[in-house]
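Engineer: Have a look at this one.
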Amino acid sequence: IFPCVLFADQILSVKAVDLLKSRSGINRQSHHTDEFEYDDLILRRGQSFLLEIEFSRPFNPDTDTVQLELQIGPLPQVSKGTHVIIPLVRELEDNQWEAKIVQRAGSRVKLSVRSPATAVIGRYKFAVTTHSSRGDFKMEHDPKNDITFLFNPWCERIPARCVTNFSSAHDSDVSLTTDLYFDEHMRPLTHLNQDSVWSVPQARLMARLLHCLSP
């Protein structure tokens, strides 16, 4: 009983985080990002991933609260999906930010985290916050723990427009906008306004995106 009393009297702080970001690990392989030559955690939105947290003491679900926090951009806002607060839940549901404890051993927990299919694409700052009867704790930002989310062509919940012919690829129902280019005399630049087809291999496209997102 005495050790439990001591634990309950301590703030729940974070000693270490393991994002399981190895290229040969389950996260990178299940998200089809293991071939990208980067050491960061690279994920695809709309899919679950795993991470491990080591606390200063055993986590007590009856008295402790833990949340994951993701922020992207210069002015992160919850309303715009650029400041994400991820709660712990008993069961994960589709298409929303949630986390679930899947394993506990001493002061370490393993979480399964779900992201929605509409999550903002880019590089997020990652943090862990806790609340207990003794006070609050927030983990300091470490660039090594940043997480990059990419598009997910394997996710069936992402809205898509099937392009099968000329009409389906163009704004035939005025549902899309079309960019037109003009010179300084407002004359159309024909060579820039013609139709073109882009066929860029996904690996090359994602590699360029990751290069732009790298600090």
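Residue numbering restarts at 1 for every chain of the structure tokens, chains are lettered A, B, ... in their displayed order, and ligands are numbered from 1 as they appear.
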Mind checking which residues fall within 9 Å of Thr130 of chain A, counting only C-alpha atoms, ignoring those fewer than 2 positions away in the same chain, and posting them as a CSV table (one decimal) with C-alpha atoms, in the first residue's frame?

Structural biologist:
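Saved the output as result16.csv:
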```csv
chain,number,residue,atom,x,y,z
A,11,ILE,CA,2.9,14.4,-10.9
A,12,LEU,CA,2.6,12.2,-13.9
A,13,SER,CA,5.5,13.4,-16.1
A,14,VAL,CA,6.9,11.9,-19.3
A,64,ASP,CA,-4.7,10.5,-14.4
A,65,THR,CA,-5.5,12.1,-17.7
A,66,VAL,CA,-3.3,11.9,-20.7
A,67,GLN,CA,-3.6,13.6,-24.0
A,68,LEU,CA,-1.5,13.8,-27.2
A,128,VAL,CA,2.2,14.8,-24.5
A,132,SER,CA,-3.3,14.4,-12.1
A,135,GLY,CA,-0.7,19.1,-11.1
A,136,ASP,CA,-0.3,19.3,-14.8
A,137,PHE,CA,2.6,18.4,-17.1
A,138,LYS,CA,3.5,19.2,-20.7
A,139,MET,CA,6.4,17.6,-22.6
```

Engineer: Quick one: everything within 10 Å of Gly81 of chain A, counting only C-alpha atoms, minus sequence neighbours fewer than 5 positions away in the same chain. Send it as a JSON list (two decimals) with C-alpha atoms, in the first residue's frame.

Structural biologist:
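Just written: around32.json:
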```json
[["chain", "number", "residue", "atom", "x", "y", "z"],
["A", 70, "LEU", "CA", -0.17, 17.86, -32.50],
["A", 71, "GLN", "CA", 0.44, 21.31, -33.96],
["A", 72, "ILE", "CA", 1.20, 22.37, -37.52],
["A", 76, "PRO", "CA", -2.17, 26.39, -34.96],
["A", 118, "THR", "CA", -9.22, 14.47, -43.72],
["A", 119, "ALA", "CA", -6.28, 15.40, -41.46],
["A", 120, "VAL", "CA", -4.12, 18.30, -42.58]]
```

Engineer: As a ChimeraX atom specification, please: every residue in segment 59-148 of chain A that a backbone DSSP assignment puts in helix (DSSP H, G or I).

Structural biologist: /A:78-80,143-145

Engineer: Would you mind exporting the chosen residues as a CSV table (one decimal), in the first residue's frame, restricted to N, CA and C atoms?

Structural biologist:
```csv
chain,number,residue,atom,x,y,z
A,78,VAL,N,-7.4,25.0,-33.2
A,78,VAL,CA,-8.3,23.8,-33.1
A,78,VAL,C,-9.3,23.8,-34.2
A,79,SER,N,-9.9,25.0,-34.4
A,79,SER,CA,-11.1,25.1,-35.4
A,79,SER,C,-10.6,24.8,-36.8
A,80,LYS,N,-9.4,24.9,-37.1
A,80,LYS,CA,-8.9,24.7,-38.5
A,80,LYS,C,-8.2,23.4,-38.6
A,143,PRO,N,12.3,18.3,-31.9
A,143,PRO,CA,12.1,18.1,-33.3
A,143,PRO,C,12.3,16.7,-33.8
A,144,LYS,N,13.0,15.9,-33.0
A,144,LYS,CA,13.1,14.5,-33.3
A,144,LYS,C,11.8,13.7,-33.2
A,145,ASN,N,10.8,14.3,-32.5
A,145,ASN,CA,9.5,13.6,-32.3
A,145,ASN,C,8.5,14.2,-33.3
```

Engineer: Show me, as an MDAnalysis selection string, the residues that have an atom within 9 Å of Asn27 of chain A when counting only C-alpha atoms, minus same-chain residues fewer than 3 positions from it.

Structural biologist: chainID A and resid 19:24 30:34 41:43 48:51

Engineer: Keeping only N, CA, C and O atoms, write the selected residues to a file as a short mmCIF file (atom, residue, chain, number, x, y, z; two decimals), in the first residue's frame.

Structural biologist:
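again.cif, written as the output of this step:
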```cif
data_model
loop_
_atom_site.label_atom_id
_atom_site.label_comp_id
_atom_site.auth_asym_id
_atom_site.auth_seq_id
_atom_site.Cartn_x
_atom_site.Cartn_y
_atom_site.Cartn_z
N LEU A 19 8.45 6.72 -30.81
CA LEU A 19 7.47 6.78 -31.88
C LEU A 19 7.53 5.56 -32.80
O LEU A 19 6.77 5.49 -33.77
N LEU A 20 8.41 4.64 -32.51
CA LEU A 20 8.53 3.41 -33.31
C LEU A 20 8.66 3.77 -34.80
O LEU A 20 7.91 3.28 -35.65
N LYS A 21 9.61 4.66 -35.08
CA LYS A 21 9.73 5.24 -36.42
C LYS A 21 10.78 4.59 -37.30
O LYS A 21 11.07 5.09 -38.39
N SER A 22 11.32 3.46 -36.86
CA SER A 22 12.30 2.76 -37.69
C SER A 22 11.72 2.39 -39.04
O SER A 22 10.54 2.01 -39.14
N ARG A 23 12.51 2.49 -40.10
CA ARG A 23 12.03 2.16 -41.44
C ARG A 23 11.62 0.69 -41.54
O ARG A 23 10.79 0.32 -42.38
N SER A 24 12.20 -0.15 -40.69
CA SER A 24 11.86 -1.58 -40.71
C SER A 24 10.78 -1.92 -39.70
O SER A 24 10.38 -3.08 -39.57
N SER A 30 3.57 -0.53 -42.38
CA SER A 30 2.12 -0.59 -42.57
C SER A 30 1.57 0.66 -43.24
O SER A 30 0.50 0.62 -43.86
N HIS A 31 2.31 1.77 -43.17
CA HIS A 31 1.87 3.00 -43.81
C HIS A 31 2.54 3.20 -45.17
O HIS A 31 2.37 4.27 -45.78
N HIS A 32 3.26 2.21 -45.65
CA HIS A 32 3.91 2.27 -46.96
C HIS A 32 4.85 3.46 -47.08
O HIS A 32 4.92 4.11 -48.13
N THR A 33 5.59 3.75 -46.01
CA THR A 33 6.57 4.85 -46.05
C THR A 33 7.97 4.36 -45.71
O THR A 33 8.87 5.17 -45.47
N ASP A 34 8.17 3.06 -45.69
CA ASP A 34 9.47 2.51 -45.30
C ASP A 34 10.56 2.72 -46.36
O ASP A 34 11.74 2.58 -46.07
N LEU A 41 9.26 9.96 -38.26
CA LEU A 41 8.05 9.14 -38.38
C LEU A 41 7.19 9.72 -39.50
O LEU A 41 6.69 10.84 -39.40
N ILE A 42 7.02 8.95 -40.57
CA ILE A 42 6.25 9.38 -41.73
C ILE A 42 5.03 8.46 -41.83
O ILE A 42 5.17 7.25 -41.97
N LEU A 43 3.85 9.06 -41.74
CA LEU A 43 2.61 8.29 -41.71
C LEU A 43 1.66 8.76 -42.79
O LEU A 43 1.88 9.77 -43.44
N SER A 48 -4.23 3.94 -38.43
CA SER A 48 -3.72 3.88 -37.07
C SER A 48 -2.20 3.69 -37.06
O SER A 48 -1.63 3.15 -38.00
N PHE A 49 -1.58 4.14 -35.96
CA PHE A 49 -0.16 3.90 -35.75
C PHE A 49 0.09 3.70 -34.26
O PHE A 49 -0.77 3.99 -33.43
N LEU A 50 1.26 3.19 -33.92
CA LEU A 50 1.60 2.86 -32.54
C LEU A 50 2.72 3.76 -32.02
O LEU A 50 3.58 4.21 -32.78
N LEU A 51 2.69 4.01 -30.72
CA LEU A 51 3.79 4.71 -30.05
C LEU A 51 3.83 4.27 -28.59
O LEU A 51 2.84 3.75 -28.06
#
```

Engineer: Name all residues at most 8 Å from Ile101 of chain A (count only C-alpha atoms; drop same-chain ones fewer than 5 positions away) and give them as a list in words.

Structural biologist: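 After dropping sequence-adjacent residues, the list is Leu88, Arg90, Val109, Lys110, Leu111 and Ser112 of chain A.
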
Engineer: Using only C-alpha atoms, which residue out of A:Asp183, A:Leu75, A:Glu69, A:Glu54 lies closest to Ala99 of chain A?

Structural biologist: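 Closest to Ala99 of chain A of all the choices is A:Glu69.
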
Engineer: Closest to Ile53 of chain A among A:Glu98, A:Glu91, A:Asp142, A:Asp18, using only C-alpha atoms?

Structural biologist: A:Asp18
